[in-house]
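Enquirer: Next comes my_file_4.csv, CSV, C-alpha atoms and all ligand atoms:
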chain,number,residue,atom,x,y,z
A,12,MET,CA,147.7,56.0,-6.7
A,13,ARG,CA,148.8,53.0,-4.7
A,14,ILE,CA,148.1,49.6,-6.3
A,15,ALA,CA,148.5,46.2,-4.4
A,16,VAL,CA,149.3,43.5,-6.9
A,17,ALA,CA,148.2,40.1,-5.5
A,18,ASN,CA,147.1,36.6,-6.0
A,19,ASN,CA,146.8,33.9,-3.4
A,20,LYS,CA,148.7,31.6,-5.8
A,21,GLY,CA,152.5,31.6,-6.3
A,22,GLY,CA,154.2,32.0,-9.6
A,23,ALA,CA,151.3,33.9,-11.3
A,24,GLY,CA,153.5,36.8,-12.6
A,25,LYS,CA,152.8,39.4,-9.9
A,26,THR,CA,156.4,40.5,-9.7
A,27,THR,CA,156.8,40.3,-13.4
A,28,ALA,CA,153.8,42.5,-14.0
A,29,ILE,CA,155.2,45.1,-11.5
A,30,ALA,CA,158.7,45.2,-13.0
A,31,HIS,CA,157.5,45.6,-16.6
A,32,LEU,CA,154.5,47.9,-15.9
A,33,ALA,CA,157.1,50.1,-14.0
A,34,GLU,CA,159.2,50.0,-17.1
A,35,ALA,CA,156.3,50.9,-19.4
A,36,LEU,CA,155.1,53.7,-17.1
A,37,ALA,CA,158.6,55.2,-16.5
A,38,ALA,CA,159.2,55.1,-20.3
A,39,ARG,CA,156.3,57.6,-20.7
A,40,GLY,CA,157.6,59.8,-17.9
A,41,ARG,CA,155.6,58.6,-14.9
A,42,ARG,CA,157.3,58.4,-11.5
A,43,VAL,CA,156.9,54.9,-10.1
A,44,LEU,CA,157.5,53.6,-6.5
A,45,ALA,CA,157.9,49.8,-6.3
A,46,VAL,CA,157.4,48.3,-2.9
A,47,ASP,CA,158.6,44.8,-2.3
A,48,LEU,CA,156.5,43.1,0.4
A,49,ASP,CA,157.7,39.6,-0.3
A,50,PRO,CA,160.5,38.1,1.8
A,51,GLN,CA,161.6,36.3,-1.4
A,52,ALA,CA,162.8,39.7,-2.5
A,53,ASN,CA,162.2,38.9,-6.2
A,54,LEU,CA,161.2,42.5,-7.1
A,55,SER,CA,164.3,43.9,-5.3
A,56,ARG,CA,166.5,41.6,-7.4
A,57,ARG,CA,164.8,42.4,-10.6
A,58,LEU,CA,165.3,46.1,-10.1
A,59,GLY,CA,169.0,45.6,-9.4
A,60,TYR,CA,169.4,44.6,-5.7
A,61,GLY,CA,170.6,41.0,-5.2
A,62,GLU,CA,170.9,39.3,-1.8
A,63,ALA,CA,174.5,40.5,-1.3
A,64,ASP,CA,173.5,44.1,-1.9
A,65,LEU,CA,170.6,43.9,0.5
A,66,THR,CA,172.6,42.7,3.5
A,67,ASP,CA,173.4,46.1,4.9
A,68,MET,CA,170.4,48.0,3.5
A,69,VAL,CA,167.4,49.4,5.3
A,70,THR,CA,164.5,47.5,3.9
A,71,ALA,CA,160.7,47.1,4.3
A,72,ALA,CA,161.4,44.9,7.4
A,73,GLU,CA,162.9,47.9,9.3
A,74,VAL,CA,160.5,50.4,7.9
A,75,VAL,CA,157.4,48.4,9.0
A,76,ALA,CA,159.0,47.7,12.4
A,77,ALA,CA,159.7,51.5,12.9
A,78,ASN,CA,156.0,52.4,12.5
A,79,GLN,CA,156.9,56.1,12.0
A,80,LYS,CA,155.0,58.4,9.7
A,81,GLY,CA,156.9,58.7,6.4
A,82,CYS,CA,159.9,56.6,7.5
A,83,ALA,CA,159.9,54.7,4.2
A,84,ALA,CA,161.7,57.7,2.7
A,85,ASP,CA,164.9,56.6,4.5
A,86,ALA,CA,164.9,53.2,2.8
A,87,LEU,CA,164.2,54.1,-0.8
A,88,VAL,CA,166.7,53.3,-3.5
A,89,GLY,CA,166.9,53.9,-7.2
A,90,CYS,CA,166.3,51.2,-9.8
A,91,ARG,CA,169.7,50.0,-11.1
A,92,TRP,CA,168.8,49.2,-14.7
A,93,THR,CA,171.5,50.4,-17.1
A,94,GLY,CA,172.0,50.9,-20.8
A,95,SER,CA,168.9,51.7,-22.8
A,96,ALA,CA,166.9,51.8,-19.6
A,97,ALA,CA,169.2,54.0,-17.6
A,98,ASP,CA,167.1,57.1,-18.2
A,99,LEU,CA,163.8,55.6,-17.3
A,100,ALA,CA,165.4,53.9,-14.2
A,101,THR,CA,165.8,57.3,-12.8
A,102,ARG,CA,162.0,57.5,-12.5
A,103,ILE,CA,161.7,54.2,-10.6
A,104,ASP,CA,162.4,53.9,-6.9
A,105,LEU,CA,162.2,50.8,-4.8
A,106,LEU,CA,161.4,50.1,-1.1
A,107,PRO,CA,163.4,46.8,-1.1
A,108,ALA,CA,162.8,43.6,0.9
A,109,ARG,CA,165.0,41.0,2.5
A,110,TYR,CA,164.2,37.5,3.7
A,111,ASP,CA,163.8,38.8,7.2
A,112,LEU,CA,160.7,40.7,6.3
A,113,GLU,CA,159.2,37.4,7.4
A,114,ALA,CA,159.9,38.5,11.0
A,115,ARG,CA,157.1,41.1,10.8
A,116,VAL,CA,154.5,38.3,10.6
A,117,ALA,CA,155.1,37.8,14.4
A,118,GLU,CA,153.7,41.2,15.0
A,119,ALA,CA,150.3,40.4,13.3
A,120,GLY,CA,148.7,40.0,16.7
A,121,GLN,CA,149.5,43.5,17.8
A,122,LEU,CA,146.6,45.9,17.6
A,123,GLY,CA,146.7,48.0,14.4
A,124,SER,CA,150.0,46.4,13.1
A,125,HIS,CA,148.5,46.0,9.6
A,126,GLU,CA,148.6,49.8,9.3
A,127,ARG,CA,152.3,50.1,9.7
A,128,LEU,CA,153.3,50.2,6.0
A,129,ASP,CA,150.5,52.7,5.3
A,130,VAL,CA,152.0,54.9,8.1
A,131,ALA,CA,155.5,54.5,6.7
A,132,LEU,CA,154.4,55.5,3.2
A,133,THR,CA,152.5,58.6,4.3
A,134,GLY,CA,153.8,61.7,2.6
A,135,VAL,CA,156.2,59.5,0.6
A,136,ALA,CA,154.1,57.7,-1.9
A,137,GLU,CA,152.5,61.0,-2.8
A,138,ASP,CA,155.7,62.0,-4.7
A,139,TYR,CA,155.1,59.3,-7.2
A,140,ASP,CA,152.4,58.9,-9.9
A,141,VAL,CA,152.0,55.2,-9.1
A,142,THR,CA,153.0,53.0,-6.2
A,143,LEU,CA,153.0,49.3,-7.0
A,144,LEU,CA,153.0,47.0,-4.0
A,145,ASP,CA,154.3,43.5,-4.7
A,146,CYS,CA,152.4,41.1,-2.3
A,147,PRO,CA,153.5,37.6,-1.5
A,148,PRO,CA,151.3,34.7,-2.6
A,149,SER,CA,149.4,34.6,0.7
A,150,LEU,CA,146.5,36.3,2.4
A,151,GLY,CA,148.6,36.7,5.6
A,152,HIS,CA,150.0,39.7,7.4
A,153,LEU,CA,152.4,40.9,4.7
A,154,THR,CA,149.7,41.0,2.1
A,155,GLN,CA,147.4,42.7,4.6
A,156,LEU,CA,150.1,45.4,5.1
A,157,GLY,CA,150.0,45.9,1.4
A,158,LEU,CA,146.2,46.0,1.2
A,159,ALA,CA,145.9,48.4,4.1
A,160,ALA,CA,148.3,50.7,2.2
A,161,ALA,CA,146.5,50.4,-1.1
A,162,ASP,CA,143.9,52.4,-3.0
A,163,THR,CA,143.1,49.5,-5.3
A,164,VAL,CA,144.0,45.9,-6.1
A,165,VAL,CA,145.2,44.4,-9.4
A,166,LEU,CA,145.2,40.6,-9.7
A,167,VAL,CA,147.6,38.7,-11.8
A,168,LEU,CA,146.9,35.1,-12.9
A,169,ARG,CA,147.7,32.4,-15.3
A,170,PRO,CA,144.6,31.1,-17.2
A,171,GLU,CA,144.6,28.0,-15.0
A,172,PHE,CA,142.2,26.7,-12.4
A,173,ASP,CA,144.3,27.2,-9.3
A,174,HIS,CA,145.3,30.7,-10.3
A,175,LEU,CA,141.7,31.7,-10.9
A,176,GLN,CA,140.7,30.3,-7.5
A,177,GLY,CA,143.6,32.2,-5.9
A,178,ALA,CA,142.5,35.4,-7.5
A,179,ILE,CA,138.9,34.9,-6.4
A,180,ARG,CA,140.1,34.3,-2.8
A,181,VAL,CA,141.9,37.7,-2.9
A,182,ARG,CA,138.8,39.4,-4.3
A,183,ASP,CA,136.5,37.8,-1.6
A,184,PHE,CA,139.1,38.5,1.2
A,185,VAL,CA,139.2,42.1,0.2
A,186,ALA,CA,135.4,42.4,0.2
A,187,ALA,CA,135.2,40.7,3.6
A,188,TYR,CA,138.0,42.5,5.4
A,189,ARG,CA,138.5,45.9,3.7
A,190,ARG,CA,136.7,47.7,6.6
A,191,HIS,CA,139.0,46.0,9.1
A,192,LEU,CA,142.0,47.0,7.0
A,193,GLY,CA,140.9,50.7,7.2
A,194,ARG,CA,140.1,50.7,3.5
A,195,PRO,CA,136.3,50.5,3.2
A,196,ASP,CA,136.4,51.2,-0.5
A,197,LEU,CA,139.1,48.8,-1.5
A,198,ALA,CA,138.3,46.6,-4.5
A,199,VAL,CA,139.8,44.9,-7.4
A,200,SER,CA,140.1,47.3,-10.4
A,201,GLY,CA,142.1,45.1,-12.8
A,202,VAL,CA,143.0,41.5,-13.7
A,203,ILE,CA,146.1,40.8,-15.8
A,204,VAL,CA,146.2,37.4,-17.5
A,205,ASN,CA,149.8,36.2,-17.7
A,206,GLU,CA,151.7,33.4,-19.4
A,207,HIS,CA,148.9,32.9,-21.8
A,208,ASP,CA,149.7,30.2,-24.4
A,209,ARG,CA,147.2,30.3,-27.2
A,210,ARG,CA,148.2,26.8,-28.4
A,211,ARG,CA,146.8,25.3,-25.1
A,212,GLY,CA,143.1,24.6,-25.2
A,213,LEU,CA,143.2,24.8,-21.4
A,214,HIS,CA,144.3,28.4,-21.5
A,215,ALA,CA,141.6,29.4,-24.1
A,216,TRP,CA,139.0,27.7,-21.8
A,217,HIS,CA,140.2,29.4,-18.6
A,218,THR,CA,140.6,32.8,-20.3
A,219,GLU,CA,136.8,32.6,-20.9
A,220,SER,CA,136.3,31.6,-17.2
A,221,VAL,CA,138.4,34.6,-16.2
A,222,THR,CA,136.2,36.9,-18.3
A,223,GLU,CA,133.0,35.3,-16.9
A,224,THR,CA,134.3,35.8,-13.3
A,225,PHE,CA,135.8,39.3,-13.6
A,226,GLY,CA,134.1,40.8,-16.6
A,227,GLU,CA,135.2,44.3,-17.5
A,228,LEU,CA,137.9,44.2,-14.9
A,229,VAL,CA,140.1,42.0,-17.1
A,230,TRP,CA,142.8,44.1,-18.9
A,231,SER,CA,143.8,43.2,-22.3
A,232,PRO,CA,145.9,41.9,-24.0
A,233,PRO,CA,147.0,38.9,-22.0
A,234,VAL,CA,150.7,38.7,-21.5
A,235,PRO,CA,151.9,35.8,-23.7
A,236,SER,CA,154.2,33.1,-22.5
A,237,ARG,CA,157.6,34.0,-24.0
A,238,ALA,CA,161.1,32.8,-23.4
A,239,VAL,CA,162.5,36.3,-23.8
A,240,LEU,CA,160.4,37.4,-20.9
A,241,ALA,CA,161.6,34.6,-18.7
A,242,GLU,CA,165.2,35.5,-19.8
A,243,ALA,CA,164.7,39.2,-18.9
A,244,ILE,CA,163.3,38.1,-15.5
A,245,ASP,CA,166.2,35.7,-14.9
A,246,ALA,CA,168.8,38.3,-15.8
A,247,ALA,CA,167.0,41.1,-13.8
A,248,GLN,CA,166.8,43.2,-16.9
A,249,PRO,CA,164.2,45.5,-18.4
A,250,LEU,CA,162.5,44.1,-21.6
A,251,ARG,CA,164.1,46.8,-23.8
A,252,ALA,CA,167.5,45.3,-22.9
A,253,ARG,CA,166.6,42.1,-24.8
A,254,GLY,CA,166.4,43.7,-28.3
A,255,ALA,CA,164.0,42.9,-31.1
A,256,PRO,CA,162.5,39.6,-29.6
A,257,ALA,CA,161.2,41.6,-26.7
A,258,ARG,CA,159.5,44.4,-28.8
A,259,PRO,CA,156.0,42.7,-28.9
A,260,LEU,CA,156.1,42.4,-25.1
A,261,LEU,CA,157.0,46.0,-24.7
A,262,GLU,CA,153.9,46.8,-26.6
A,263,VAL,CA,151.8,44.4,-24.5
A,264,PHE,CA,153.0,46.1,-21.3
A,265,ALA,CA,152.5,49.6,-22.8
A,266,THR,CA,148.9,48.6,-23.5
A,267,LEU,CA,148.4,47.3,-20.0
A,268,ALA,CA,150.0,50.5,-18.7
A,269,ASP,CA,147.3,52.5,-20.7
A,270,GLN,CA,144.6,50.7,-18.7
A,271,LEU,CA,146.4,51.5,-15.5
A,272,GLU,CA,146.6,55.1,-16.5
A,273,VAL,CA,142.8,55.2,-17.1
A,274,ARG,CA,142.5,54.4,-13.4
A,275,LEU,CA,145.1,57.0,-12.5
A,276,ASP,CA,143.3,59.7,-14.5
A,277,ALA,CA,139.9,58.7,-12.9
A,278,ALA,CA,141.5,58.9,-9.4
A,279,VAL,CA,142.7,62.5,-9.8
B,301,LIG,N1,154.8,35.8,-19.6
B,301,LIG,C1,155.7,34.9,-19.2
B,301,LIG,N2,156.4,34.2,-20.1
B,301,LIG,C2,157.4,33.3,-19.7
B,301,LIG,N3,157.7,33.1,-18.4
B,301,LIG,C3,157.1,33.8,-17.4
B,301,LIG,C4,156.1,34.8,-17.8
B,301,LIG,N4,155.6,35.3,-16.6
B,301,LIG,C5,156.3,34.7,-15.6
B,301,LIG,N5,157.1,33.8,-16.1
B,301,LIG,C6,158.0,32.8,-15.3
B,301,LIG,O1,157.3,32.6,-14.1
B,301,LIG,C7,158.1,32.8,-13.0
B,301,LIG,C8,157.3,33.4,-11.9
B,301,LIG,O2,156.9,34.8,-12.2
B,301,LIG,P1,156.8,35.8,-11.0
B,301,LIG,O3,158.0,35.8,-10.2
B,301,LIG,O4,156.5,37.2,-11.7
B,301,LIG,O5,155.6,35.3,-10.3
B,301,LIG,P2,155.0,35.8,-8.9
B,301,LIG,O6,153.5,35.7,-9.0
B,301,LIG,O7,155.6,37.1,-8.5
B,301,LIG,O8,155.5,34.6,-8.0
B,301,LIG,P3,155.5,34.6,-6.3
B,301,LIG,O9,154.1,34.2,-6.0
B,301,LIG,O10,156.5,33.5,-6.0
B,301,LIG,O11,155.9,35.9,-5.8
B,301,LIG,C9,159.2,33.7,-13.5
B,301,LIG,O12,160.4,33.5,-12.9
B,301,LIG,C10,159.4,33.3,-15.0
B,301,LIG,O13,160.3,32.3,-15.1
B,302,MG,MG,156.6,37.6,-6.7
Mind converting the file's structure to structure tokens?
Ligand SMILES: Nc1ncnc2c1ncn2[C@@H]1O[C@H](COP(=O)(O)OP(=O)(O)OP(=O)(O)O)[C@@H](O)[C@H]1O
Ligand SMILES: [Mg+2]
Expert:
Amino acid sequence: MRIAVANNKGGAGKTTAIAHLAEALAARGRRVLAVDLDPQANLSRRLGYGEADLTDMVTAAEVVAANQKGCAADALVGCRWTGSAADLATRIDLLPARYDLEARVAEAGQLGSHERLDVALTGVAEDYDVTLLDCPPSLGHLTQLGLAAADTVVLVLRPEFDHLQGAIRVRDFVAAYRRHLGRPDLAVSGVIVNEHDRRRGLHAWHTESVTETFGELVWSPPVPSRAVLAEAIDAAQPLRARGAPARPLLEVFATLADQLEVRLDAAV
């Protein structure tokens, strides 16, 4: 199953959700393909490919430009997590991105160009249990490439007004344009609340608004705001590399992965 992870709001935790859901899924034996559709290339770095590594690599930019059936296979690389995550890293592959993925936006006016990632993943994504597509915080061409290649959409947001609005815009955009994207059944099937700080009244208030807006689509528990998670993100490490302080978060992502698996099982 291919899942586009999106919000029309930056810094919501989209890339974080993908990296650590991939960790949780791979830890239970699932094969995960992570697709970086953001020229910021944050997901690529977090799975072990920094800017210097990416210079000479074939990335999503070339794959989308090539527009050849299955050509993403030529660009896939393995997750580079080491130590206690080395074994599970063998079950995570990455289609990396570089800043020049931005160049694909210029092709948006070409008829059918939004289908190019879908074409490139044909026969490739099927080798994985889950494909997680990391969309940039826009509704533009790069996100549309992701949506046109996705079976379903998961939104990530902080319990704050602008984040909820960004998530609603994605939901409404999908509903309005899914037919044009060649995915007439595309819809939101999950909402992850991230960076929840239960000491903040604002977060409690907006967590209620998220539930009022998205109802049963909201996955639980929310991902709490934790320094250890920011540290893992900064160091491009899996959570299990951060020892005891990260254990509660491993459980949070395992529980969220359970909810993703329900969708997987339903899709079979
Ligand atoms: N649960 C959390 N606890 C603490 N810090 C967090 C948490 N989630 C995210 N962060 C912080 O927020 C930053 C942004 O997260 P992330 O890169 O996952 O967001 P994003 O939605 O992918 O952003 P963008 O829209 O730029 O792609 C991280 O670098 C990290 O510092
Ligand atoms: Mg991101």
Enquirer: Excluding range 226-229 of chain A and residues on its chain fewer than 2 positions from it, collect all residues at most 8 Å away from it, counting all atoms listed in the file, and give them as a list in words.
Expert: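 Residues meeting the cut-off are Val199, Ser200, Gly201, Val202, Ile203, Val204, Val221, Thr222, Glu223, Thr224 and Ser231 of chain A.
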Enquirer: At a cut-off of 12 Å and counting only C-alpha atoms and all ligand atoms, what residues surround ligand MG 302 (chain B)? Please answer as number ranges by chain.
Expert: A: 16-30, 46-57, 108, 144-149, 154, 167-168, 244
Enquirer: Take the selection from the previous step and output its residues with C-alpha atoms, as a PDB file, in the coordinates of the input.
Expert:
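What follows is the written file out17.pdb:
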ATOM      1  CA  VAL A  16     149.300  43.500  -6.900  1.00  0.00           C
ATOM      2  CA  ALA A  17     148.200  40.100  -5.500  1.00  0.00           C
ATOM      3  CA  ASN A  18     147.100  36.600  -6.000  1.00  0.00           C
ATOM      4  CA  ASN A  19     146.800  33.900  -3.400  1.00  0.00           C
ATOM      5  CA  LYS A  20     148.700  31.600  -5.800  1.00  0.00           C
ATOM      6  CA  GLY A  21     152.500  31.600  -6.300  1.00  0.00           C
ATOM      7  CA  GLY A  22     154.200  32.000  -9.600  1.00  0.00           C
ATOM      8  CA  ALA A  23     151.300  33.900 -11.300  1.00  0.00           C
ATOM      9  CA  GLY A  24     153.500  36.800 -12.600  1.00  0.00           C
ATOM     10  CA  LYS A  25     152.800  39.400  -9.900  1.00  0.00           C
ATOM     11  CA  THR A  26     156.400  40.500  -9.700  1.00  0.00           C
ATOM     12  CA  THR A  27     156.800  40.300 -13.400  1.00  0.00           C
ATOM     13  CA  ALA A  28     153.800  42.500 -14.000  1.00  0.00           C
ATOM     14  CA  ILE A  29     155.200  45.100 -11.500  1.00  0.00           C
ATOM     15  CA  ALA A  30     158.700  45.200 -13.000  1.00  0.00           C
ATOM     16  CA  VAL A  46     157.400  48.300  -2.900  1.00  0.00           C
ATOM     17  CA  ASP A  47     158.600  44.800  -2.300  1.00  0.00           C
ATOM     18  CA  LEU A  48     156.500  43.100   0.400  1.00  0.00           C
ATOM     19  CA  ASP A  49     157.700  39.600  -0.300  1.00  0.00           C
ATOM     20  CA  PRO A  50     160.500  38.100   1.800  1.00  0.00           C
ATOM     21  CA  GLN A  51     161.600  36.300  -1.400  1.00  0.00           C
ATOM     22  CA  ALA A  52     162.800  39.700  -2.500  1.00  0.00           C
ATOM     23  CA  ASN A  53     162.200  38.900  -6.200  1.00  0.00           C
ATOM     24  CA  LEU A  54     161.200  42.500  -7.100  1.00  0.00           C
ATOM     25  CA  SER A  55     164.300  43.900  -5.300  1.00  0.00           C
ATOM     26  CA  ARG A  56     166.500  41.600  -7.400  1.00  0.00           C
ATOM     27  CA  ARG A  57     164.800  42.400 -10.600  1.00  0.00           C
ATOM     28  CA  ALA A 108     162.800  43.600   0.900  1.00  0.00           C
ATOM     29  CA  LEU A 144     153.000  47.000  -4.000  1.00  0.00           C
ATOM     30  CA  ASP A 145     154.300  43.500  -4.700  1.00  0.00           C
ATOM     31  CA  CYS A 146     152.400  41.100  -2.300  1.00  0.00           C
ATOM     32  CA  PRO A 147     153.500  37.600  -1.500  1.00  0.00           C
ATOM     33  CA  PRO A 148     151.300  34.700  -2.600  1.00  0.00           C
ATOM     34  CA  SER A 149     149.400  34.600   0.700  1.00  0.00           C
ATOM     35  CA  THR A 154     149.700  41.000   2.100  1.00  0.00           C
ATOM     36  CA  VAL A 167     147.600  38.700 -11.800  1.00  0.00           C
ATOM     37  CA  LEU A 168     146.900  35.100 -12.900  1.00  0.00           C
ATOM     38  CA  ILE A 244     163.300  38.100 -15.500  1.00  0.00           C
TER      39      ILE A 244
END
Enquirer: For CA of Thr101 in chain A and CA of Ala37 in chain A, quote the distance in Å rounded to one decimal.
Expert: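 Result for CA of Thr101 in chain A versus CA of Ala37 in chain A: 8.4 Å, one decimal.
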Enquirer: Here is a test: counting only C-alpha atoms and all ligand atoms, which residue of A:Gly193, A:Gly254, A:Gly212, A:Gly177 is nearest to ligand LIG 301 (chain B)?
Expert: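 Between A:Gly193, A:Gly254, A:Gly212, A:Gly177, the residue approaching ligand LIG 301 (chain B) most closely is A:Gly177.
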Enquirer: Extract, using only C-alpha atoms, all DNA, RNA and protein residues at most 7 Å from range 127-140 of chain A, discarding same-chain residues fewer than 4 positions from it, and format them as an NGL selection string.
Expert: :A and (12 or 41-44 or 74-75 or 78-84 or 156 or 159-160)
Enquirer: Give me, as a VMD selection string, all polymer residues having an atom no more than 12 Å from Gly120 in chain A, counting all atoms listed in the file and skipping those fewer than 5 positions away in the same chain.
Expert: chain A and resid 115 125 151 to 152
Enquirer: Once you have the residues from the selection above, write them out as a JSON list (two decimals), keeping the file's coordinate frame, restricted to C-alpha atoms.
Expert:
[["chain", "number", "residue", "atom", "x", "y", "z"],
["A", 115, "ARG", "CA", 157.10, 41.10, 10.80],
["A", 125, "HIS", "CA", 148.50, 46.00, 9.60],
["A", 151, "GLY", "CA", 148.60, 36.70, 5.60],
["A", 152, "HIS", "CA", 150.00, 39.70, 7.40]]
Enquirer: Could I get the residues of range 158-259 of chain A with an atom no further than 9 Å from an atom of range 58-70 of chain A, each paired with its nearest atom pair and that distance in Å to one decimal, using all atoms listed in the file, sorted by chain and residue number, as a tab-separated table?
Expert:
residue	atom	partner	partner_atom	distance
A:Ala247	CA	A:Leu58	CA	6.4
A:Gln248	CA	A:Leu58	CA	7.5
A:Pro249	CA	A:Leu58	CA	8.4
Enquirer: Set the distance at 7 Å and use all atoms listed in the file: which residues neighbour Thr163 in chain A once local chain neighbours fewer than 2 positions away are removed? I'd like the list as a VMD selection string.
Expert: chain A and resid 13 to 15 161 165 197 to 200
Enquirer: Find the residue from A:Ala178, A:Ala277, A:Leu122, A:Leu32 that sits nearest to Phe225 in chain A; use all atoms listed in the file when measuring.
Expert: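 Looking only at the distances to Phe225 in chain A, the closest residue turns out to be A:Ala178.
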Enquirer: Which residue gives the smallest distance to Val234 in chain A among A:Gln176, A:Thr266, A:Asn205, A:Thr142, with all atoms listed in the file counted?
Expert: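 For Val234 in chain A, the nearest of the given residues is A:Asn205.
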Enquirer: With all atoms listed in the file as the atoms that count, which of A:Asp98, A:Ser220, A:Asp276, A:His174 lies nearest to ligand LIG 301 (chain B)?
Expert: A:His174
Enquirer: Could you jot down the CA of Leu153 in chain A to CA of Arg190 in chain A separation for me, Å, one decimal place?
Expert: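 Computed distance, CA of Leu153 in chain A to CA of Arg190 in chain A, equals 17.2 Å.
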Enquirer: Grab the CA of Leu267 in chain A to CA of Arg39 in chain A distance for me, in Å with one decimal place.
Expert: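 Here the two named atoms are 13.0 Å from each other.
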Enquirer: Which of these residues is nearest to Glu206 in chain A, using all atoms listed in the file: A:Arg102, A:Arg251, A:Arg169, A:Arg109?
Expert: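 For Glu206 in chain A, the nearest of the candidates is A:Arg169.
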Enquirer: Calculated over all atoms listed in the file, which of the candidates A:Leu213, A:Leu260, A:Ala38, A:Ala252 has the smallest distance to Pro233 in chain A?
Expert: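 Once distances to Pro233 in chain A are computed over all atoms listed in the file, the minimum belongs to A:Leu260.
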Enquirer: Assuming the input is short of atoms at range 161-166 of chain A, produce all heavy atoms for that part as a PDB file, keeping the file's coordinate frame.
Expert:
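Once written, out-v2.pdb looks like this:
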ATOM      1  N   ALA A 161     146.885  50.306   0.282  1.00  0.00           N
ATOM      2  CA  ALA A 161     146.500  50.400  -1.100  1.00  0.00           C
ATOM      3  C   ALA A 161     145.217  51.138  -1.374  1.00  0.00           C
ATOM      4  O   ALA A 161     144.302  51.077  -0.548  1.00  0.00           O
ATOM      5  CB  ALA A 161     146.474  49.032  -1.760  1.00  0.00           C
ATOM      6  N   ASP A 162     145.141  51.809  -2.528  1.00  0.00           N
ATOM      7  CA  ASP A 162     143.900  52.400  -3.000  1.00  0.00           C
ATOM      8  C   ASP A 162     143.057  51.431  -3.777  1.00  0.00           C
ATOM      9  O   ASP A 162     141.832  51.547  -3.873  1.00  0.00           O
ATOM     10  CB  ASP A 162     144.147  53.648  -3.827  1.00  0.00           C
ATOM     11  CG  ASP A 162     144.961  54.681  -3.093  1.00  0.00           C
ATOM     12  OD1 ASP A 162     144.591  55.004  -1.948  1.00  0.00           O
ATOM     13  OD2 ASP A 162     145.979  55.151  -3.641  1.00  0.00           O
ATOM     14  N   THR A 163     143.754  50.492  -4.418  1.00  0.00           N
ATOM     15  CA  THR A 163     143.100  49.500  -5.300  1.00  0.00           C
ATOM     16  C   THR A 163     143.921  48.283  -5.417  1.00  0.00           C
ATOM     17  O   THR A 163     145.086  48.260  -5.009  1.00  0.00           O
ATOM     18  CB  THR A 163     142.752  50.185  -6.648  1.00  0.00           C
ATOM     19  OG1 THR A 163     141.892  49.325  -7.383  1.00  0.00           O
ATOM     20  CG2 THR A 163     144.005  50.446  -7.460  1.00  0.00           C
ATOM     21  N   VAL A 164     143.313  47.240  -5.984  1.00  0.00           N
ATOM     22  CA  VAL A 164     144.000  45.900  -6.100  1.00  0.00           C
ATOM     23  C   VAL A 164     143.972  45.494  -7.565  1.00  0.00           C
ATOM     24  O   VAL A 164     142.946  45.581  -8.230  1.00  0.00           O
ATOM     25  CB  VAL A 164     143.281  44.866  -5.243  1.00  0.00           C
ATOM     26  CG1 VAL A 164     143.997  43.522  -5.352  1.00  0.00           C
ATOM     27  CG2 VAL A 164     143.196  45.316  -3.786  1.00  0.00           C
ATOM     28  N   VAL A 165     145.125  45.037  -8.041  1.00  0.00           N
ATOM     29  CA  VAL A 165     145.200  44.400  -9.400  1.00  0.00           C
ATOM     30  C   VAL A 165     145.628  42.960  -9.162  1.00  0.00           C
ATOM     31  O   VAL A 165     146.587  42.687  -8.426  1.00  0.00           O
ATOM     32  CB  VAL A 165     146.167  45.171 -10.292  1.00  0.00           C
ATOM     33  CG1 VAL A 165     146.449  44.360 -11.556  1.00  0.00           C
ATOM     34  CG2 VAL A 165     145.568  46.530 -10.675  1.00  0.00           C
ATOM     35  N   LEU A 166     144.893  42.045  -9.770  1.00  0.00           N
ATOM     36  CA  LEU A 166     145.200  40.600  -9.700  1.00  0.00           C
ATOM     37  C   LEU A 166     145.965  40.163 -10.897  1.00  0.00           C
ATOM     38  O   LEU A 166     145.714  40.663 -12.004  1.00  0.00           O
ATOM     39  CB  LEU A 166     143.894  39.820  -9.547  1.00  0.00           C
ATOM     40  CG  LEU A 166     142.951  40.238  -8.408  1.00  0.00           C
ATOM     41  CD1 LEU A 166     141.609  39.510  -8.529  1.00  0.00           C
ATOM     42  CD2 LEU A 166     143.603  39.950  -7.063  1.00  0.00           C
TER      43      LEU A 166
END
